[in-house]
Amino acid sequence: MTRDGKLTIPVGPNDHVQGPEHAPITLVEYGDYECPYCGMAYPIVKRIQARFGDRLRFVFRNFPLAELHPNATAAAEFAEGAALQGKFWEMHDTLFEHQRALNPSNLQTYARSHDLDRTALETAIQSGGPNERVRKDFMSGVRSGVNGTPTFFINGHRFDGDWRDEDAFAAALAEKGAP
Amino acid sequence: MPNVLQPGTAAPDFKLVDQSGQTVTPADLTGRATVLAFYPADWSPVCGDQMALYNEVLPVFRDYGAEVFGISVDSMWCHAAFAENRKLRFRLLADFEPKGAMARRYGAYRDADGTTERALFVLDPKGIIRWSYLSPIDVNPGADGILEALEAIGTGDKS
């Protein structure tokens with residue numbers, strides 16, 4: 001008998017979501033901004049979103065592999081701080097598009113380019129809220145059977161196939177979203 | 001597929017060295033919960049690697065009072081290089097000579113490939129297997145099953 005990874009914390013109001021709430025397909029990614037595989041997955045997810053349109057809801061949760069990727073946790077906290085100013089997805093995209101430049105001064109540059117209130121951002125990060133958020137995401141991932149980054153869940157079930165095969169990934173999504 | 005040892009079984013004897021050459025036997029495991037994680041080989045791809053995941057989750061395992069050991073048929077020298085490269089903060093046991101002897105006792109050896117299976121065992125502080133799981137060889141089983149088993153044993157600060 002195999003263990004089927006199942007999302008233990010359902011998608012809720014605190015999640016970062018793109019796409020309609022009642023979309024038939026929900027794709028959840030547990031990812032790490034400094035992980036090269038997540039960087040490879042980033043454009044694939046964008047194309048999948050374009051392909052499925054309103055039939056797909058995409059959710060991103062943090063799973064920084066801090067031992068392997070020294071900037072991953074700070075980057076994740078930075079995106080969560082940006083989220084408090086309504087700019088999560090802008091920062092998410094920027095971080096994945098510049099995943100080899102995630103040191104503290106790089107992050108400040110991205111804050112400037114997205115017109116964030118940097119004092120408020122710094123205060124928010126110092127408060128520990130973003131850190132707590134990232135840790136909660138990480139633990140929810142561990143409890144759901146996240147086994148590396150990126151790990152995807154389609155309608156609550158871990159996708160164990162190869163997401164790099166875009167057509168196979170789309171087929172798995174379409175199958176779940178079939179009426 | 002072999003049959004991995006089932007819950008209720010006392011952990012079979014073994015004597016292996018870790019990546020720094022220190023010997024480990026079941027006597028070293030008693031008194032706290034233990035996770036024995038057999039995996040096919042060192043040097044599998046980075047981010048999806050099972051040992052890298054356990055390295056990240058290590059503080060949580062330790063909150064449950066548990067120690068983790070990774071086990072494969074790689075030698076201690078290979079383990080040492082792998083552990084250093086991946087910055088692993090737990091011990092890897094070399095089931096190297098006679099090859100796979102420990103894995104065979106746990107029902108976790110792949111004769112066809114000459115490697116260990118991807119198999120997990122959670123032992124209670126008395127050295128009794130309380131949970132075991134044989135994963136498909138190409139699927140990293142994650143850490144959720146281990147945490148559920150540790151919760152059931154109920155040791156450490158989290159109990």
# chains A, B, ... in the order shown; residues from 1 in each chain; ligands from 1

call {"tool": "interface_residues", "arguments": {"of": "chain A", "to": "chain B", "cutoff": "7 Å", "atoms": "only C-alpha atoms", "output": "list in words"}}
result
Thr2, Leu65, Glu67, Leu68, Val142, Arg143, Ser144, Gly145, Val146, Asn147, Gly148 and Thr149 of chain A

call {"tool": "select_by_dssp", "arguments": {"residues": "chain A", "states": "strand (DSSP E or B)", "output": "list in words"}}
result
Lys6, His16, Val17, Gln18, Ile25, Thr26, Leu27, Val28, Glu29, Tyr30, Gly31, Leu56, Arg57, Phe58, Val59, Phe60, Arg61, Asn62, Thr151, Phe152, Phe153, Ile154, His157 and Arg158 of chain A

call {"tool": "residues_around", "arguments": {"residues": "segment 123-130 of chain B", "least_positions_apart": "6", "cutoff": "6 Å", "atoms": "only C-alpha atoms", "output": "ChimeraX atom specification"}}
result
/B:7-11,30-34

call {"tool": "write_last_selection", "arguments": {"atoms": "C-alpha atoms", "output": "PDB file, in the first residue's frame"}}
result
ATOM      1  CA  PRO B   7       5.197  -3.193  13.719  1.00  0.00           C
ATOM      2  CA  GLY B   8       5.637  -5.141  16.929  1.00  0.00           C
ATOM      3  CA  THR B   9       8.959  -6.669  15.847  1.00  0.00           C
ATOM      4  CA  ALA B  10      12.070  -5.997  17.898  1.00  0.00           C
ATOM      5  CA  ALA B  11      14.664  -4.157  15.829  1.00  0.00           C
ATOM      6  CA  THR B  30      17.413   2.607  23.136  1.00  0.00           C
ATOM      7  CA  GLY B  31      16.025   5.271  25.436  1.00  0.00           C
ATOM      8  CA  ARG B  32      14.639   7.432  22.652  1.00  0.00           C
ATOM      9  CA  ALA B  33      12.579   7.061  19.517  1.00  0.00           C
ATOM     10  CA  THR B  34      14.560   6.317  16.368  1.00  0.00           C
TER      11      THR B  34
END

call {"tool": "closest_residue", "arguments": {"among": "B:Leu92, B:Ala101, B:Ala83, B:Ala37", "to": "Glu117 of chain B", "atoms": "only C-alpha atoms"}}
result
B:Ala37

call {"tool": "closest_residue", "arguments": {"among": "B:Ala66, B:Leu36, B:Cys78, B:Ala27", "to": "Met102 of chain B", "atoms": "only C-alpha atoms"}}
result
B:Leu36

call {"tool": "residues_around", "arguments": {"residues": "Thr26 of chain A", "least_positions_apart": "5", "cutoff": "8 Å", "atoms": "only C-alpha atoms", "output": "PDB file with C-alpha atoms, in the first residue's frame"}}
result
ATOM      1  CA  LEU A  56      -7.603  26.690 -12.704  1.00  0.00           C
ATOM      2  CA  ARG A  57      -6.887  28.190  -9.310  1.00  0.00           C
ATOM      3  CA  PHE A  58      -3.181  28.381  -8.408  1.00  0.00           C
ATOM      4  CA  VAL A  59      -1.907  28.619  -4.847  1.00  0.00           C
ATOM      5  CA  PHE A 153      -0.978  19.042  -5.189  1.00  0.00           C
ATOM      6  CA  ILE A 154      -3.847  18.737  -7.658  1.00  0.00           C
ATOM      7  CA  ASN A 155      -7.209  19.067  -5.935  1.00  0.00           C
ATOM      8  CA  GLY A 156      -5.561  18.051  -2.678  1.00  0.00           C
TER       9      GLY A 156
END

call {"tool": "residues_around", "arguments": {"residues": "Asp54 of chain A", "least_positions_apart": "4", "cutoff": "7 Å", "atoms": "only C-alpha atoms", "output": "PyMOL selection string"}}
result
chain A and resi 19-20+23

call {"tool": "residues_around", "arguments": {"residues": "segment 88-100 of chain A", "least_positions_apart": "4", "cutoff": "8 Å", "atoms": "only C-alpha atoms", "output": "list of chain:residue names"}}
result
A:His16, A:Tyr33, A:Glu34, A:Cys35, A:Pro36, A:Cys38, A:Gly39, A:Tyr42, A:Ala75, A:Ala79, A:Glu80, A:Gly81, A:Ala82, A:Ala83, A:Leu84, A:Tyr110, A:His114

call {"tool": "atom_distance", "arguments": {"atom1": "atom CA of Gln108 of chain A", "atom2": "atom CA of Met139 of chain A"}}
result
27.7 Å

call {"tool": "residues_around", "arguments": {"residues": "Met76 of chain B", "least_positions_apart": "2", "cutoff": "10 Å", "atoms": "only C-alpha atoms", "output": "ChimeraX atom specification"}}
result
/B:16-22,72-74,78-82,92-96

call {"tool": "write_last_selection", "arguments": {"atoms": "N, CA and C atoms", "output": "JSON list (two decimals), in the first residue's frame"}}
result
[["chain", "number", "residue", "atom", "x", "y", "z"],
["B", 16, "LEU", "N", 27.07, -1.12, 12.44],
["B", 16, "LEU", "CA", 27.53, -0.39, 11.25],
["B", 16, "LEU", "C", 28.30, 0.85, 11.67],
["B", 17, "VAL", "N", 29.09, 1.37, 10.76],
["B", 17, "VAL", "CA", 29.76, 2.64, 11.04],
["B", 17, "VAL", "C", 29.03, 3.79, 10.35],
["B", 18, "ASP", "N", 29.13, 4.97, 10.96],
["B", 18, "ASP", "CA", 28.55, 6.16, 10.33],
["B", 18, "ASP", "C", 29.62, 6.87, 9.50],
["B", 19, "GLN", "N", 29.29, 8.06, 9.01],
["B", 19, "GLN", "CA", 30.20, 8.76, 8.09],
["B", 19, "GLN", "C", 31.50, 9.21, 8.74],
["B", 20, "SER", "N", 31.53, 9.21, 10.10],
["B", 20, "SER", "CA", 32.80, 9.58, 10.71],
["B", 20, "SER", "C", 33.51, 8.36, 11.30],
["B", 21, "GLY", "N", 33.00, 7.16, 10.98],
["B", 21, "GLY", "CA", 33.68, 5.95, 11.41],
["B", 21, "GLY", "C", 33.25, 5.43, 12.78],
["B", 22, "GLN", "N", 32.27, 6.08, 13.38],
["B", 22, "GLN", "CA", 31.78, 5.63, 14.69],
["B", 22, "GLN", "C", 30.79, 4.49, 14.53],
["B", 72, "SER", "N", 22.28, 3.32, 3.64],
["B", 72, "SER", "CA", 22.38, 2.78, 2.29],
["B", 72, "SER", "C", 23.63, 1.89, 2.23],
["B", 73, "VAL", "N", 23.84, 1.26, 1.08],
["B", 73, "VAL", "CA", 25.00, 0.37, 0.95],
["B", 73, "VAL", "C", 26.28, 1.14, 0.60],
["B", 74, "ASP", "N", 26.20, 2.46, 0.54],
["B", 74, "ASP", "CA", 27.41, 3.25, 0.27],
["B", 74, "ASP", "C", 28.39, 3.14, 1.43],
["B", 78, "CYS", "N", 31.99, 7.49, 1.15],
["B", 78, "CYS", "CA", 30.97, 8.06, 0.26],
["B", 78, "CYS", "C", 29.96, 8.86, 1.10],
["B", 79, "HIS", "N", 29.52, 8.26, 2.21],
["B", 79, "HIS", "CA", 28.59, 8.95, 3.12],
["B", 79, "HIS", "C", 29.20, 10.26, 3.63],
["B", 80, "ALA", "N", 30.49, 10.23, 3.94],
["B", 80, "ALA", "CA", 31.14, 11.42, 4.49],
["B", 80, "ALA", "C", 31.10, 12.55, 3.46],
["B", 81, "ALA", "N", 31.42, 12.21, 2.21],
["B", 81, "ALA", "CA", 31.42, 13.23, 1.15],
["B", 81, "ALA", "C", 30.01, 13.74, 0.89],
["B", 82, "PHE", "N", 29.05, 12.82, 0.88],
["B", 82, "PHE", "CA", 27.65, 13.17, 0.63],
["B", 82, "PHE", "C", 27.12, 14.07, 1.76],
["B", 92, "LEU", "N", 24.67, 8.97, 8.84],
["B", 92, "LEU", "CA", 24.37, 8.04, 7.76],
["B", 92, "LEU", "C", 25.13, 6.75, 8.07],
["B", 93, "LEU", "N", 24.45, 5.62, 8.00],
["B", 93, "LEU", "CA", 25.09, 4.34, 8.31],
["B", 93, "LEU", "C", 25.46, 3.62, 7.01],
["B", 94, "ALA", "N", 26.65, 3.04, 7.02],
["B", 94, "ALA", "CA", 27.18, 2.36, 5.83],
["B", 94, "ALA", "C", 26.91, 0.86, 5.94],
["B", 95, "ASP", "N", 25.91, 0.39, 5.19],
["B", 95, "ASP", "CA", 25.55, -1.04, 5.17],
["B", 95, "ASP", "C", 26.38, -1.70, 4.06],
["B", 96, "PHE", "N", 27.69, -1.61, 4.23],
["B", 96, "PHE", "CA", 28.64, -1.78, 3.13],
["B", 96, "PHE", "C", 29.30, -3.16, 3.11]]

call {"tool": "atom_distance", "arguments": {"atom1": "atom CA of Asn106 of chain A", "atom2": "atom CA of Gly31 of chain A"}}
result
19.7 Å

call {"tool": "atom_distance", "arguments": {"atom1": "atom CA of Val17 of chain A", "atom2": "atom CA of Phe159 of chain A"}}
result
18.8 Å

call {"tool": "select_by_dssp", "arguments": {"residues": "segment 14-163 of chain A", "states": "helix (DSSP H, G or I)", "output": "VMD selection string"}}
result
chain A and resid 36 to 55 72 to 83 88 to 97 104 to 113 118 to 127 129 to 143

call {"tool": "closest_residue", "arguments": {"among": "A:His69, A:Arg61, A:Lys6, A:Lys46", "to": "Arg135 of chain A", "atoms": "only C-alpha atoms"}}
result
A:Arg61

call {"tool": "decode", "arguments": {"residues": "segment 65-122 of chain A", "atoms": "C-alpha atoms", "output": "PDB file, in the first residue's frame"}}
result
ATOM      1  CA  LEU A  65      15.047  24.354   2.043  1.00  0.00           C
ATOM      2  CA  ALA A  66      17.116  26.552   4.302  1.00  0.00           C
ATOM      3  CA  GLU A  67      20.003  24.124   4.738  1.00  0.00           C
ATOM      4  CA  LEU A  68      20.593  23.973   0.996  1.00  0.00           C
ATOM      5  CA  HIS A  69      19.597  27.497   0.029  1.00  0.00           C
ATOM      6  CA  PRO A  70      20.946  30.216   2.326  1.00  0.00           C
ATOM      7  CA  ASN A  71      18.725  33.012   0.954  1.00  0.00           C
ATOM      8  CA  ALA A  72      15.529  31.003   0.639  1.00  0.00           C
ATOM      9  CA  THR A  73      13.957  31.820   3.999  1.00  0.00           C
ATOM     10  CA  ALA A  74      14.697  35.552   3.804  1.00  0.00           C
ATOM     11  CA  ALA A  75      13.302  35.637   0.260  1.00  0.00           C
ATOM     12  CA  ALA A  76      10.132  33.852   1.386  1.00  0.00           C
ATOM     13  CA  GLU A  77       9.698  36.276   4.295  1.00  0.00           C
ATOM     14  CA  PHE A  78      10.252  39.186   1.928  1.00  0.00           C
ATOM     15  CA  ALA A  79       7.467  37.998  -0.367  1.00  0.00           C
ATOM     16  CA  GLU A  80       5.189  37.553   2.649  1.00  0.00           C
ATOM     17  CA  GLY A  81       6.083  41.098   3.734  1.00  0.00           C
ATOM     18  CA  ALA A  82       5.250  42.353   0.237  1.00  0.00           C
ATOM     19  CA  ALA A  83       1.933  40.495   0.516  1.00  0.00           C
ATOM     20  CA  LEU A  84       0.997  42.758   3.435  1.00  0.00           C
ATOM     21  CA  GLN A  85       1.218  45.623   0.936  1.00  0.00           C
ATOM     22  CA  GLY A  86      -0.838  43.725  -1.625  1.00  0.00           C
ATOM     23  CA  LYS A  87       2.118  42.811  -3.818  1.00  0.00           C
ATOM     24  CA  PHE A  88       2.694  39.134  -3.154  1.00  0.00           C
ATOM     25  CA  TRP A  89       2.480  37.899  -6.737  1.00  0.00           C
ATOM     26  CA  GLU A  90       4.595  40.748  -8.098  1.00  0.00           C
ATOM     27  CA  MET A  91       7.341  39.830  -5.635  1.00  0.00           C
ATOM     28  CA  HIS A  92       6.850  36.080  -6.149  1.00  0.00           C
ATOM     29  CA  ASP A  93       7.411  36.524  -9.886  1.00  0.00           C
ATOM     30  CA  THR A  94      10.389  38.843  -9.434  1.00  0.00           C
ATOM     31  CA  LEU A  95      12.090  36.452  -7.023  1.00  0.00           C
ATOM     32  CA  PHE A  96      11.697  33.485  -9.360  1.00  0.00           C
ATOM     33  CA  GLU A  97      12.879  35.569 -12.307  1.00  0.00           C
ATOM     34  CA  HIS A  98      16.008  36.563 -10.374  1.00  0.00           C
ATOM     35  CA  GLN A  99      16.545  33.491  -8.255  1.00  0.00           C
ATOM     36  CA  ARG A 100      20.328  33.737  -8.438  1.00  0.00           C
ATOM     37  CA  ALA A 101      20.244  37.238  -6.977  1.00  0.00           C
ATOM     38  CA  LEU A 102      18.447  36.966  -3.661  1.00  0.00           C
ATOM     39  CA  ASN A 103      20.862  38.549  -1.213  1.00  0.00           C
ATOM     40  CA  PRO A 104      19.626  41.321   1.124  1.00  0.00           C
ATOM     41  CA  SER A 105      20.639  44.170  -1.173  1.00  0.00           C
ATOM     42  CA  ASN A 106      19.011  42.436  -4.169  1.00  0.00           C
ATOM     43  CA  LEU A 107      15.799  42.191  -2.164  1.00  0.00           C
ATOM     44  CA  GLN A 108      15.919  45.918  -1.397  1.00  0.00           C
ATOM     45  CA  THR A 109      16.258  46.611  -5.112  1.00  0.00           C
ATOM     46  CA  TYR A 110      13.124  44.570  -5.818  1.00  0.00           C
ATOM     47  CA  ALA A 111      11.250  46.403  -3.054  1.00  0.00           C
ATOM     48  CA  ARG A 112      12.149  49.706  -4.728  1.00  0.00           C
ATOM     49  CA  SER A 113      11.178  48.514  -8.182  1.00  0.00           C
ATOM     50  CA  HIS A 114       7.739  47.469  -6.883  1.00  0.00           C
ATOM     51  CA  ASP A 115       7.270  50.785  -5.016  1.00  0.00           C
ATOM     52  CA  LEU A 116       6.940  49.092  -1.667  1.00  0.00           C
ATOM     53  CA  ASP A 117       7.045  51.063   1.572  1.00  0.00           C
ATOM     54  CA  ARG A 118      10.406  49.704   2.659  1.00  0.00           C
ATOM     55  CA  THR A 119      10.168  50.954   6.231  1.00  0.00           C
ATOM     56  CA  ALA A 120       6.826  49.234   6.694  1.00  0.00           C
ATOM     57  CA  LEU A 121       8.220  46.124   5.041  1.00  0.00           C
ATOM     58  CA  GLU A 122      11.221  46.049   7.355  1.00  0.00           C
TER      59      GLU A 122
END
